[in-house]
file query12.txt (compact mmCIF, N, CA and C atoms)
# COMPACT_ATOMS: atom_id res chain seq x y z
N MET A 3 196.11 173.99 116.88
CA MET A 3 194.73 173.59 116.68
C MET A 3 194.54 172.91 115.33
N PHE A 4 195.12 173.45 114.27
CA PHE A 4 194.92 172.90 112.94
C PHE A 4 196.13 172.14 112.43
N ASP A 5 197.04 171.74 113.29
CA ASP A 5 198.29 171.16 112.83
C ASP A 5 198.13 169.83 112.12
N LYS A 6 197.01 169.15 112.28
CA LYS A 6 196.82 167.87 111.61
C LYS A 6 195.82 167.95 110.47
N ILE A 7 195.35 169.12 110.17
CA ILE A 7 194.35 169.28 109.13
C ILE A 7 195.00 169.78 107.85
N ASP A 8 194.69 169.13 106.76
CA ASP A 8 195.16 169.57 105.45
C ASP A 8 194.06 170.33 104.76
N THR A 9 194.46 171.12 103.78
CA THR A 9 193.48 171.76 102.92
C THR A 9 193.82 171.39 101.49
N ALA A 10 192.80 171.29 100.69
CA ALA A 10 192.99 171.08 99.25
C ALA A 10 192.36 172.28 98.57
N PHE A 11 193.05 172.79 97.59
CA PHE A 11 192.49 173.93 96.88
C PHE A 11 192.76 173.77 95.39
N SER A 12 191.97 174.48 94.61
CA SER A 12 192.13 174.45 93.16
C SER A 12 193.13 175.52 92.75
N TYR A 13 194.01 175.15 91.83
CA TYR A 13 195.03 176.07 91.33
C TYR A 13 194.92 176.11 89.81
N LEU A 14 194.86 177.29 89.24
CA LEU A 14 194.75 177.44 87.80
C LEU A 14 196.12 177.64 87.19
N ASN A 15 196.50 176.74 86.28
CA ASN A 15 197.74 176.89 85.53
C ASN A 15 197.48 177.94 84.46
N LYS A 16 198.15 179.07 84.54
CA LYS A 16 197.87 180.19 83.63
C LYS A 16 198.22 179.87 82.18
N ASP A 17 199.20 178.99 81.97
CA ASP A 17 199.59 178.65 80.60
C ASP A 17 198.57 177.75 79.92
N THR A 18 198.08 176.74 80.63
CA THR A 18 197.17 175.77 80.02
C THR A 18 195.70 176.03 80.36
N GLU A 19 195.45 176.88 81.35
CA GLU A 19 194.11 177.14 81.88
C GLU A 19 193.45 175.87 82.41
N LEU A 20 194.26 174.93 82.87
CA LEU A 20 193.77 173.73 83.52
C LEU A 20 193.92 173.89 85.04
N PHE A 21 192.96 173.34 85.76
CA PHE A 21 193.01 173.38 87.22
C PHE A 21 193.70 172.14 87.75
N LYS A 22 194.34 172.28 88.89
CA LYS A 22 194.85 171.11 89.59
C LYS A 22 194.51 171.25 91.06
N VAL A 23 194.36 170.12 91.72
CA VAL A 23 194.07 170.10 93.14
C VAL A 23 195.39 170.01 93.89
N VAL A 24 195.61 170.91 94.82
CA VAL A 24 196.85 170.98 95.58
C VAL A 24 196.52 170.77 97.05
N ASN A 25 197.25 169.86 97.71
CA ASN A 25 197.05 169.59 99.13
C ASN A 25 198.17 170.22 99.94
N VAL A 26 197.79 170.99 100.96
CA VAL A 26 198.75 171.70 101.79
C VAL A 26 198.31 171.62 103.24
N PRO A 27 199.23 171.32 104.17
CA PRO A 27 198.86 171.33 105.59
C PRO A 27 198.63 172.76 106.08
N MET A 28 197.73 172.90 107.05
CA MET A 28 197.48 174.21 107.64
C MET A 28 198.76 174.73 108.29
N GLN A 29 198.89 176.05 108.34
CA GLN A 29 200.05 176.71 108.93
C GLN A 29 199.57 177.62 110.06
N ASP A 30 200.50 178.17 110.80
CA ASP A 30 200.15 179.02 111.93
C ASP A 30 199.52 180.34 111.50
N THR A 31 199.95 180.87 110.36
CA THR A 31 199.40 182.14 109.89
C THR A 31 198.92 182.00 108.45
N MET A 32 198.05 182.89 108.05
CA MET A 32 197.56 182.90 106.67
C MET A 32 198.71 183.17 105.71
N LYS A 33 199.62 184.06 106.08
CA LYS A 33 200.77 184.37 105.22
C LYS A 33 201.61 183.12 104.97
N GLU A 34 201.91 182.37 106.02
CA GLU A 34 202.69 181.14 105.87
C GLU A 34 201.95 180.13 104.99
N TYR A 35 200.64 180.03 105.20
CA TYR A 35 199.83 179.09 104.40
C TYR A 35 199.88 179.46 102.92
N VAL A 36 199.66 180.73 102.61
CA VAL A 36 199.64 181.17 101.21
C VAL A 36 201.00 180.94 100.56
N GLU A 37 202.07 181.26 101.28
CA GLU A 37 203.41 181.04 100.72
C GLU A 37 203.66 179.57 100.42
N LEU A 38 203.31 178.69 101.36
CA LEU A 38 203.49 177.25 101.15
C LEU A 38 202.58 176.74 100.03
N ALA A 39 201.36 177.23 99.99
CA ALA A 39 200.41 176.79 98.96
C ALA A 39 200.91 177.17 97.57
N LEU A 40 201.39 178.38 97.40
CA LEU A 40 201.89 178.80 96.08
C LEU A 40 203.12 178.00 95.67
N LYS A 41 204.02 177.79 96.61
CA LYS A 41 205.23 177.01 96.33
C LYS A 41 204.86 175.59 95.92
N THR A 42 203.96 174.98 96.68
CA THR A 42 203.53 173.61 96.39
C THR A 42 202.84 173.53 95.04
N ALA A 43 201.96 174.48 94.75
CA ALA A 43 201.23 174.49 93.48
C ALA A 43 202.18 174.62 92.29
N GLU A 44 203.18 175.47 92.41
CA GLU A 44 204.12 175.66 91.31
C GLU A 44 204.99 174.43 91.09
N GLU A 45 205.32 173.70 92.17
CA GLU A 45 206.19 172.53 92.05
C GLU A 45 205.44 171.25 91.68
N GLN A 46 204.14 171.20 91.97
CA GLN A 46 203.37 169.98 91.73
C GLN A 46 203.09 169.80 90.25
N LYS A 47 203.43 168.64 89.72
CA LYS A 47 203.24 168.35 88.29
C LYS A 47 201.89 167.70 88.01
N GLU A 48 201.35 166.90 88.95
CA GLU A 48 200.08 166.21 88.75
C GLU A 48 198.92 167.19 88.87
N TYR A 49 197.84 166.88 88.16
CA TYR A 49 196.65 167.73 88.26
C TYR A 49 195.70 167.27 89.36
N PHE A 50 195.74 166.00 89.67
CA PHE A 50 194.93 165.47 90.76
C PHE A 50 195.74 164.40 91.46
N THR A 51 195.94 164.56 92.75
CA THR A 51 196.84 163.66 93.47
C THR A 51 196.13 162.50 94.13
N GLY A 52 194.84 162.36 93.95
CA GLY A 52 194.12 161.22 94.52
C GLY A 52 192.97 161.66 95.38
N PRO A 53 192.23 160.70 95.91
CA PRO A 53 191.06 161.05 96.72
C PRO A 53 191.45 161.77 98.01
N LEU A 54 190.56 162.64 98.44
CA LEU A 54 190.78 163.39 99.67
C LEU A 54 190.20 162.62 100.85
N GLY A 55 190.81 162.75 101.99
CA GLY A 55 190.29 162.13 103.20
C GLY A 55 189.25 163.02 103.85
N ASN A 56 188.67 162.54 104.92
CA ASN A 56 187.66 163.33 105.64
C ASN A 56 188.28 164.34 106.60
N ASP A 57 189.60 164.39 106.66
CA ASP A 57 190.26 165.36 107.53
C ASP A 57 190.85 166.51 106.70
N VAL A 58 190.21 166.81 105.58
CA VAL A 58 190.68 167.83 104.65
C VAL A 58 189.58 168.86 104.43
N PHE A 59 189.95 170.13 104.36
CA PHE A 59 189.04 171.18 103.93
C PHE A 59 189.36 171.44 102.46
N GLN A 60 188.34 171.46 101.62
CA GLN A 60 188.58 171.73 100.20
C GLN A 60 188.12 173.14 99.88
N CYS A 61 189.04 173.93 99.31
CA CYS A 61 188.75 175.31 98.94
C CYS A 61 188.85 175.46 97.43
N SER A 62 187.86 176.07 96.83
CA SER A 62 187.85 176.22 95.38
C SER A 62 187.37 177.63 95.01
N PRO A 63 188.26 178.61 95.05
CA PRO A 63 187.85 179.97 94.72
C PRO A 63 187.54 180.12 93.24
N MET A 64 186.59 180.99 92.93
CA MET A 64 186.23 181.31 91.55
C MET A 64 186.17 182.83 91.42
N PRO A 65 187.33 183.50 91.42
CA PRO A 65 187.34 184.97 91.45
C PRO A 65 186.92 185.63 90.15
N TRP A 66 186.51 184.85 89.15
CA TRP A 66 186.11 185.39 87.86
C TRP A 66 184.62 185.67 87.78
N VAL A 67 183.82 185.09 88.68
CA VAL A 67 182.37 185.20 88.57
C VAL A 67 181.73 185.52 89.93
N THR A 68 180.57 186.16 89.86
CA THR A 68 179.73 186.29 91.04
C THR A 68 178.61 185.28 90.88
N TYR A 69 178.05 184.84 91.98
CA TYR A 69 176.99 183.85 91.90
C TYR A 69 176.09 183.96 93.12
N THR A 70 174.89 183.40 93.00
CA THR A 70 173.97 183.35 94.14
C THR A 70 173.80 181.92 94.63
N HIS A 71 174.27 180.94 93.86
CA HIS A 71 174.15 179.55 94.28
C HIS A 71 175.23 178.73 93.58
N ILE A 72 175.76 177.77 94.30
CA ILE A 72 176.71 176.83 93.72
C ILE A 72 176.43 175.47 94.34
N SER A 73 176.68 174.43 93.59
CA SER A 73 176.41 173.09 94.07
C SER A 73 177.53 172.17 93.61
N HIS A 74 177.88 171.21 94.45
CA HIS A 74 178.90 170.22 94.11
C HIS A 74 178.25 168.85 93.99
N THR A 75 178.79 168.02 93.13
CA THR A 75 178.33 166.65 93.03
C THR A 75 178.61 165.96 94.35
N ASN A 76 177.64 165.22 94.85
CA ASN A 76 177.80 164.53 96.12
C ASN A 76 177.35 163.09 95.94
N SER A 77 178.21 162.17 96.32
CA SER A 77 177.88 160.76 96.16
C SER A 77 176.81 160.29 97.14
N GLY A 78 176.61 161.06 98.21
CA GLY A 78 175.66 160.66 99.23
C GLY A 78 176.22 159.64 100.21
N LYS A 79 177.44 159.22 100.01
CA LYS A 79 178.06 158.24 100.91
C LYS A 79 178.47 158.92 102.20
N LYS A 80 178.21 158.25 103.31
CA LYS A 80 178.50 158.86 104.61
C LYS A 80 179.99 159.04 104.86
N ASP A 81 180.84 158.33 104.11
CA ASP A 81 182.28 158.50 104.29
C ASP A 81 182.82 159.66 103.44
N ASN A 82 181.96 160.35 102.72
CA ASN A 82 182.36 161.52 101.94
C ASN A 82 181.96 162.77 102.71
N ALA A 83 182.80 163.15 103.65
CA ALA A 83 182.45 164.27 104.53
C ALA A 83 183.37 165.47 104.38
N THR A 84 184.09 165.55 103.26
CA THR A 84 185.01 166.66 103.05
C THR A 84 184.23 167.96 102.92
N PRO A 85 184.46 168.94 103.82
CA PRO A 85 183.79 170.23 103.68
C PRO A 85 184.33 170.98 102.46
N LEU A 86 183.45 171.62 101.72
CA LEU A 86 183.81 172.36 100.51
C LEU A 86 183.54 173.84 100.72
N PHE A 87 184.55 174.66 100.51
CA PHE A 87 184.43 176.11 100.65
C PHE A 87 184.71 176.75 99.29
N ASP A 88 183.80 177.60 98.84
CA ASP A 88 183.97 178.31 97.58
C ASP A 88 183.71 179.79 97.82
N TRP A 89 184.34 180.62 97.02
CA TRP A 89 184.02 182.04 97.04
C TRP A 89 184.22 182.58 95.64
N GLY A 90 183.45 183.64 95.34
CA GLY A 90 183.46 184.20 94.00
C GLY A 90 184.11 185.57 93.96
N LYS A 91 183.86 186.25 92.87
CA LYS A 91 184.41 187.58 92.62
C LYS A 91 183.73 188.58 93.56
N TYR A 92 184.53 189.44 94.15
CA TYR A 92 183.91 190.47 94.99
C TYR A 92 183.56 191.68 94.14
N TYR A 93 182.55 192.40 94.58
CA TYR A 93 182.06 193.55 93.84
C TYR A 93 181.43 194.52 94.82
N GLU A 94 181.15 195.75 94.34
CA GLU A 94 180.54 196.75 95.20
C GLU A 94 179.03 196.77 94.97
N LYS A 95 178.28 196.81 96.08
CA LYS A 95 176.82 196.86 96.01
C LYS A 95 176.35 197.78 97.14
N ASP A 96 175.63 198.81 96.80
CA ASP A 96 175.10 199.76 97.79
C ASP A 96 176.20 200.29 98.71
N GLY A 97 177.36 200.58 98.14
CA GLY A 97 178.46 201.15 98.91
C GLY A 97 179.23 200.16 99.77
N LYS A 98 178.92 198.87 99.64
CA LYS A 98 179.62 197.85 100.40
C LYS A 98 180.30 196.87 99.45
N ILE A 99 181.41 196.29 99.91
CA ILE A 99 182.07 195.25 99.14
C ILE A 99 181.39 193.93 99.49
N VAL A 100 180.95 193.19 98.48
CA VAL A 100 180.20 191.94 98.65
C VAL A 100 180.95 190.82 97.94
N MET A 101 180.95 189.64 98.55
CA MET A 101 181.58 188.48 97.92
C MET A 101 180.73 187.25 98.23
N SER A 102 180.44 186.47 97.21
CA SER A 102 179.70 185.23 97.39
C SER A 102 180.58 184.21 98.10
N VAL A 103 180.02 183.53 99.09
CA VAL A 103 180.71 182.46 99.81
C VAL A 103 179.76 181.28 99.93
N SER A 104 180.28 180.09 99.66
CA SER A 104 179.48 178.87 99.75
C SER A 104 180.21 177.86 100.62
N VAL A 105 179.45 177.23 101.51
CA VAL A 105 179.99 176.15 102.34
C VAL A 105 179.08 174.95 102.15
N GLN A 106 179.67 173.83 101.75
CA GLN A 106 178.92 172.58 101.66
C GLN A 106 179.57 171.59 102.62
N ALA A 107 178.79 171.13 103.58
CA ALA A 107 179.33 170.21 104.58
C ALA A 107 178.28 169.15 104.89
N HIS A 108 178.74 167.95 105.18
CA HIS A 108 177.86 166.84 105.51
C HIS A 108 177.21 167.13 106.87
N HIS A 109 175.88 167.09 106.91
CA HIS A 109 175.15 167.46 108.12
C HIS A 109 175.44 166.52 109.30
N SER A 110 175.91 165.33 109.04
CA SER A 110 176.26 164.43 110.14
C SER A 110 177.48 164.90 110.91
N PHE A 111 178.29 165.77 110.29
CA PHE A 111 179.53 166.23 110.91
C PHE A 111 179.49 167.70 111.31
N VAL A 112 178.69 168.50 110.63
CA VAL A 112 178.64 169.93 110.87
C VAL A 112 177.18 170.36 110.91
N ASP A 113 176.85 171.20 111.88
CA ASP A 113 175.47 171.68 111.94
C ASP A 113 175.43 173.19 111.70
N GLY A 114 174.24 173.74 111.64
CA GLY A 114 174.06 175.15 111.34
C GLY A 114 174.72 176.08 112.34
N VAL A 115 174.78 175.68 113.60
CA VAL A 115 175.42 176.52 114.62
C VAL A 115 176.89 176.76 114.27
N HIS A 116 177.59 175.70 113.86
CA HIS A 116 179.01 175.83 113.56
C HIS A 116 179.25 176.55 112.23
N ILE A 117 178.36 176.35 111.27
CA ILE A 117 178.46 177.12 110.03
C ILE A 117 178.26 178.60 110.35
N GLY A 118 177.30 178.91 111.20
CA GLY A 118 177.07 180.29 111.61
C GLY A 118 178.27 180.90 112.30
N LYS A 119 178.92 180.14 113.17
CA LYS A 119 180.14 180.63 113.84
C LYS A 119 181.25 180.87 112.82
N PHE A 120 181.38 179.98 111.84
CA PHE A 120 182.37 180.17 110.79
C PHE A 120 182.10 181.48 110.04
N VAL A 121 180.85 181.69 109.63
CA VAL A 121 180.50 182.89 108.88
C VAL A 121 180.78 184.15 109.70
N ASP A 122 180.45 184.14 110.99
CA ASP A 122 180.73 185.28 111.86
C ASP A 122 182.23 185.58 111.93
N ARG A 123 183.04 184.54 112.12
CA ARG A 123 184.50 184.73 112.21
C ARG A 123 185.08 185.17 110.87
N LEU A 124 184.55 184.65 109.77
CA LEU A 124 185.00 185.07 108.45
C LEU A 124 184.71 186.55 108.25
N GLN A 125 183.51 187.00 108.64
CA GLN A 125 183.16 188.41 108.48
C GLN A 125 184.09 189.29 109.31
N ILE A 126 184.40 188.88 110.54
CA ILE A 126 185.32 189.65 111.38
C ILE A 126 186.69 189.74 110.71
N PHE A 127 187.18 188.59 110.20
CA PHE A 127 188.47 188.57 109.52
C PHE A 127 188.48 189.52 108.32
N LEU A 128 187.43 189.46 107.50
CA LEU A 128 187.37 190.31 106.31
C LEU A 128 187.25 191.78 106.68
N ASN A 129 186.54 192.09 107.75
CA ASN A 129 186.40 193.47 108.19
C ASN A 129 187.75 194.07 108.61
N GLU A 130 188.66 193.22 109.09
CA GLU A 130 189.96 193.68 109.56
C GLU A 130 190.96 193.91 108.42
N LEU A 131 190.63 193.47 107.22
CA LEU A 131 191.55 193.65 106.08
C LEU A 131 191.63 195.08 105.64

call {"tool": "encode", "arguments": {"input": "query12.txt", "output": "structure tokens"}}
result
Amino acid sequence: MFDKIDTAFSYLNKDTELFKVVNVPMQDTMKEYVELALKTAEEQKEYFTGPLGNDVFQCSPMPWVTYTHISHTNSGKKDNATPLFDWGKYYEKDGKIVMSVSVQAHHSFVDGVHIGKFVDRLQIFLNEL
């Protein structure tokens, strides 16, 4: 299903504290994806490899902070349809583990129904951990 979709994610270089964007193709399992992503991030020397296409999911975790809102710069161009996924630091609230999640997607390509389905599946996945 996802064999032709790439993901781009932010990787923090612990020595320099600089971020770099790493592009990795989707894998069959999350374990395979994480292993390939870490290997690619460690081997990649460039901090930004160029513009992303519209067939890429961009993930930018921020596990250091909690937040109630996040926003990305958007050119407003219809050819800029890369979905952006962010998540923050998880914490306990009222006996539950809570984590901020943000999805920014161009409305011409994704509607609320599909964002809702994503959120439902994400919750199921997290509940199984």

call {"tool": "select_by_dssp", "arguments": {"input": "query12.txt", "residues": "stretch 11-106 of chain A", "states": "strand (DSSP E or B)", "output": "PyMOL selection string"}}
result
chain A and resi 11-14+21-27+58-61+64+86-95+98-106

call {"tool": "write_last_selection", "arguments": {"input": "query12.txt", "atoms": "N, CA and C atoms", "output": "CSV table (one decimal), in the coordinates of the input"}}
result
chain,number,residue,atom,x,y,z
A,11,PHE,N,193.0,172.8,97.6
A,11,PHE,CA,192.5,173.9,96.9
A,11,PHE,C,192.8,173.8,95.4
A,12,SER,N,192.0,174.5,94.6
A,12,SER,CA,192.1,174.4,93.2
A,12,SER,C,193.1,175.5,92.8
A,13,TYR,N,194.0,175.2,91.8
A,13,TYR,CA,195.0,176.1,91.3
A,13,TYR,C,194.9,176.1,89.8
A,14,LEU,N,194.9,177.3,89.2
A,14,LEU,CA,194.8,177.4,87.8
A,14,LEU,C,196.1,177.6,87.2
A,21,PHE,N,193.0,173.3,85.8
A,21,PHE,CA,193.0,173.4,87.2
A,21,PHE,C,193.7,172.1,87.8
A,22,LYS,N,194.3,172.3,88.9
A,22,LYS,CA,194.8,171.1,89.6
A,22,LYS,C,194.5,171.2,91.1
A,23,VAL,N,194.4,170.1,91.7
A,23,VAL,CA,194.1,170.1,93.1
A,23,VAL,C,195.4,170.0,93.9
A,24,VAL,N,195.6,170.9,94.8
A,24,VAL,CA,196.8,171.0,95.6
A,24,VAL,C,196.5,170.8,97.0
A,25,ASN,N,197.2,169.9,97.7
A,25,ASN,CA,197.0,169.6,99.1
A,25,ASN,C,198.2,170.2,99.9
A,26,VAL,N,197.8,171.0,101.0
A,26,VAL,CA,198.8,171.7,101.8
A,26,VAL,C,198.3,171.6,103.2
A,27,PRO,N,199.2,171.3,104.2
A,27,PRO,CA,198.9,171.3,105.6
A,27,PRO,C,198.6,172.8,106.1
A,58,VAL,N,190.2,166.8,105.6
A,58,VAL,CA,190.7,167.8,104.6
A,58,VAL,C,189.6,168.9,104.4
A,59,PHE,N,190.0,170.1,104.4
A,59,PHE,CA,189.0,171.2,103.9
A,59,PHE,C,189.4,171.4,102.5
A,60,GLN,N,188.3,171.5,101.6
A,60,GLN,CA,188.6,171.7,100.2
A,60,GLN,C,188.1,173.1,99.9
A,61,CYS,N,189.0,173.9,99.3
A,61,CYS,CA,188.8,175.3,98.9
A,61,CYS,C,188.8,175.5,97.4
A,64,MET,N,186.6,181.0,92.9
A,64,MET,CA,186.2,181.3,91.6
A,64,MET,C,186.2,182.8,91.4
A,86,LEU,N,183.4,171.6,101.7
A,86,LEU,CA,183.8,172.4,100.5
A,86,LEU,C,183.5,173.8,100.7
A,87,PHE,N,184.6,174.7,100.5
A,87,PHE,CA,184.4,176.1,100.6
A,87,PHE,C,184.7,176.8,99.3
A,88,ASP,N,183.8,177.6,98.8
A,88,ASP,CA,184.0,178.3,97.6
A,88,ASP,C,183.7,179.8,97.8
A,89,TRP,N,184.3,180.6,97.0
A,89,TRP,CA,184.0,182.0,97.0
A,89,TRP,C,184.2,182.6,95.6
A,90,GLY,N,183.4,183.6,95.3
A,90,GLY,CA,183.5,184.2,94.0
A,90,GLY,C,184.1,185.6,94.0
A,91,LYS,N,183.9,186.2,92.9
A,91,LYS,CA,184.4,187.6,92.6
A,91,LYS,C,183.7,188.6,93.6
A,92,TYR,N,184.5,189.4,94.2
A,92,TYR,CA,183.9,190.5,95.0
A,92,TYR,C,183.6,191.7,94.1
A,93,TYR,N,182.6,192.4,94.6
A,93,TYR,CA,182.1,193.6,93.8
A,93,TYR,C,181.4,194.5,94.8
A,94,GLU,N,181.2,195.8,94.3
A,94,GLU,CA,180.5,196.8,95.2
A,94,GLU,C,179.0,196.8,95.0
A,95,LYS,N,178.3,196.8,96.1
A,95,LYS,CA,176.8,196.9,96.0
A,95,LYS,C,176.4,197.8,97.1
A,98,LYS,N,178.9,198.9,99.6
A,98,LYS,CA,179.6,197.8,100.4
A,98,LYS,C,180.3,196.9,99.4
A,99,ILE,N,181.4,196.3,99.9
A,99,ILE,CA,182.1,195.2,99.1
A,99,ILE,C,181.4,193.9,99.5
A,100,VAL,N,181.0,193.2,98.5
A,100,VAL,CA,180.2,191.9,98.6
A,100,VAL,C,181.0,190.8,97.9
A,101,MET,N,181.0,189.6,98.6
A,101,MET,CA,181.6,188.5,97.9
A,101,MET,C,180.7,187.2,98.2
A,102,SER,N,180.4,186.5,97.2
A,102,SER,CA,179.7,185.2,97.4
A,102,SER,C,180.6,184.2,98.1
A,103,VAL,N,180.0,183.5,99.1
A,103,VAL,CA,180.7,182.5,99.8
A,103,VAL,C,179.8,181.3,99.9
A,104,SER,N,180.3,180.1,99.7
A,104,SER,CA,179.5,178.9,99.8
A,104,SER,C,180.2,177.9,100.6
A,105,VAL,N,179.4,177.2,101.5
A,105,VAL,CA,180.0,176.2,102.3
A,105,VAL,C,179.1,175.0,102.2
A,106,GLN,N,179.7,173.8,101.8
A,106,GLN,CA,178.9,172.6,101.7
A,106,GLN,C,179.6,171.6,102.6

call {"tool": "select_by_dssp", "arguments": {"input": "query12.txt", "residues": "chain A", "states": "helix (DSSP H, G or I)", "output": "PyMOL selection string"}}
result
chain A and resi 32-45+114-129

call {"tool": "closest_residue", "arguments": {"input": "query12.txt", "among": "A:Ile72, A:Val105, A:Ile126, A:Val67", "to": "A:Tyr93", "atoms": "only C-alpha atoms"}}
result
A:Val67

call {"tool": "residues_near_point", "arguments": {"input": "query12.txt", "point": "(176.8, 168.5, 105.5)", "cutoff": "10 Å", "atoms": "only C-alpha atoms", "output": "number ranges by chain"}}
result
A: 80, 82-86, 105-114, 117

call {"tool": "closest_residue", "arguments": {"input": "query12.txt", "among": "A:Met32, A:Leu128, A:Val103, A:Cys61", "to": "A:Lys91", "atoms": "only C-alpha atoms"}}
result
A:Val103

call {"tool": "atom_distance", "arguments": {"input": "query12.txt", "atom1": "atom CA of A:Leu14", "atom2": "atom CA of A:His71"}}
result
21.7 Å

call {"tool": "residues_near_point", "arguments": {"input": "query12.txt", "point": "(186.0, 184.3, 89.1)", "cutoff": "8 Å", "atoms": "only N, CA and C atoms", "output": "PDB file with N, CA and C atoms, keeping the file's coordinate frame"}}
result
ATOM      1  N   PRO A  63     188.260 178.610  95.050  1.00  0.00           N
ATOM      2  CA  PRO A  63     187.850 179.970  94.720  1.00  0.00           C
ATOM      3  C   PRO A  63     187.540 180.120  93.240  1.00  0.00           C
ATOM      4  N   MET A  64     186.590 180.990  92.930  1.00  0.00           N
ATOM      5  CA  MET A  64     186.230 181.310  91.550  1.00  0.00           C
ATOM      6  C   MET A  64     186.170 182.830  91.420  1.00  0.00           C
ATOM      7  N   PRO A  65     187.330 183.500  91.420  1.00  0.00           N
ATOM      8  CA  PRO A  65     187.340 184.970  91.450  1.00  0.00           C
ATOM      9  C   PRO A  65     186.920 185.630  90.150  1.00  0.00           C
ATOM     10  N   TRP A  66     186.510 184.850  89.150  1.00  0.00           N
ATOM     11  CA  TRP A  66     186.110 185.390  87.860  1.00  0.00           C
ATOM     12  C   TRP A  66     184.620 185.670  87.780  1.00  0.00           C
ATOM     13  N   VAL A  67     183.820 185.090  88.680  1.00  0.00           N
ATOM     14  CA  VAL A  67     182.370 185.200  88.570  1.00  0.00           C
ATOM     15  C   VAL A  67     181.730 185.520  89.930  1.00  0.00           C
ATOM     16  N   THR A  68     180.570 186.160  89.860  1.00  0.00           N
ATOM     17  CA  THR A  68     179.730 186.290  91.040  1.00  0.00           C
ATOM     18  C   THR A  68     178.610 185.280  90.880  1.00  0.00           C
ATOM     19  N   TRP A  89     184.340 180.620  97.020  1.00  0.00           N
ATOM     20  CA  TRP A  89     184.020 182.040  97.040  1.00  0.00           C
ATOM     21  C   TRP A  89     184.220 182.580  95.640  1.00  0.00           C
ATOM     22  N   GLY A  90     183.450 183.640  95.340  1.00  0.00           N
ATOM     23  CA  GLY A  90     183.460 184.200  94.000  1.00  0.00           C
ATOM     24  C   GLY A  90     184.110 185.570  93.960  1.00  0.00           C
ATOM     25  N   LYS A  91     183.860 186.250  92.870  1.00  0.00           N
ATOM     26  CA  LYS A  91     184.410 187.580  92.620  1.00  0.00           C
ATOM     27  C   LYS A  91     183.730 188.580  93.560  1.00  0.00           C
ATOM     28  N   TYR A  92     184.530 189.440  94.150  1.00  0.00           N
ATOM     29  CA  TYR A  92     183.910 190.470  94.990  1.00  0.00           C
ATOM     30  C   TYR A  92     183.560 191.680  94.140  1.00  0.00           C
TER      31      TYR A  92
END

call {"tool": "closest_residue", "arguments": {"input": "query12.txt", "among": "A:Gln125, A:Ser73, A:Ser104, A:Thr51", "to": "A:Val23", "atoms": "all atoms listed in the file"}}
result
A:Thr51

call {"tool": "atom_distance", "arguments": {"input": "query12.txt", "atom1": "atom C of A:Ala39", "atom2": "atom N of A:Thr18"}}
result
17.2 Å

call {"tool": "atom_distance", "arguments": {"input": "query12.txt", "atom1": "atom N of A:Phe59", "atom2": "atom N of A:Thr75"}}
result
16.0 Å

call {"tool": "residues_around", "arguments": {"input": "query12.txt", "residues": "A:Leu40", "least_positions_apart": "5", "cutoff": "10 Å", "atoms": "only C-alpha atoms", "output": "list in words"}}
result
Tyr13, Val24, Val26, Tyr35, Glu45 and Gln46 of chain A

call {"tool": "write_last_selection", "arguments": {"input": "query12.txt", "atoms": "N, CA and C atoms", "output": "PDB file, keeping the file's coordinate frame"}}
result
ATOM      1  N   TYR A  13     194.010 175.150  91.830  1.00  0.00           N
ATOM      2  CA  TYR A  13     195.030 176.070  91.330  1.00  0.00           C
ATOM      3  C   TYR A  13     194.920 176.110  89.810  1.00  0.00           C
ATOM      4  N   VAL A  24     195.610 170.910  94.820  1.00  0.00           N
ATOM      5  CA  VAL A  24     196.850 170.980  95.580  1.00  0.00           C
ATOM      6  C   VAL A  24     196.520 170.770  97.050  1.00  0.00           C
ATOM      7  N   VAL A  26     197.790 170.990 100.960  1.00  0.00           N
ATOM      8  CA  VAL A  26     198.750 171.700 101.790  1.00  0.00           C
ATOM      9  C   VAL A  26     198.310 171.620 103.240  1.00  0.00           C
ATOM     10  N   TYR A  35     200.640 180.030 105.200  1.00  0.00           N
ATOM     11  CA  TYR A  35     199.830 179.090 104.400  1.00  0.00           C
ATOM     12  C   TYR A  35     199.880 179.460 102.920  1.00  0.00           C
ATOM     13  N   GLU A  45     205.320 173.700  92.170  1.00  0.00           N
ATOM     14  CA  GLU A  45     206.190 172.530  92.050  1.00  0.00           C
ATOM     15  C   GLU A  45     205.440 171.250  91.680  1.00  0.00           C
ATOM     16  N   GLN A  46     204.140 171.200  91.970  1.00  0.00           N
ATOM     17  CA  GLN A  46     203.370 169.980  91.730  1.00  0.00           C
ATOM     18  C   GLN A  46     203.090 169.800  90.250  1.00  0.00           C
TER      19      GLN A  46
END

call {"tool": "closest_residue", "arguments": {"input": "query12.txt", "among": "A:Asn129, A:Glu44, A:Pro27, A:Phe50", "to": "A:Ile99", "atoms": "only C-alpha atoms"}}
result
A:Asn129

call {"tool": "closest_residue", "arguments": {"input": "query12.txt", "among": "A:Leu20, A:Met28, A:Leu124, A:Leu131", "to": "A:Phe87", "atoms": "only C-alpha atoms"}}
result
A:Leu124

call {"tool": "decode", "arguments": {"input": "query12.txt", "residues": "stretch 82-87 of chain A", "atoms": "N, CA and C atoms", "output": "compact mmCIF listing (two decimals), in the first residue's frame"}}
result
# COMPACT_ATOMS: atom_id res chain seq x y z
N ASN A 82 2.02 22.77 -3.34
CA ASN A 82 2.65 22.47 -2.05
C ASN A 82 1.65 21.71 -1.20
N ALA A 83 1.57 20.42 -1.41
CA ALA A 83 0.56 19.61 -0.73
C ALA A 83 1.15 18.58 0.22
N THR A 84 2.40 18.76 0.62
CA THR A 84 3.04 17.80 1.51
C THR A 84 2.36 17.82 2.87
N PRO A 85 1.77 16.69 3.32
CA PRO A 85 1.18 16.65 4.65
C PRO A 85 2.27 16.72 5.72
N LEU A 86 2.02 17.47 6.78
CA LEU A 86 2.97 17.65 7.87
C LEU A 86 2.40 17.05 9.14
N PHE A 87 3.15 16.17 9.76
CA PHE A 87 2.75 15.52 11.01
C PHE A 87 3.75 15.89 12.09
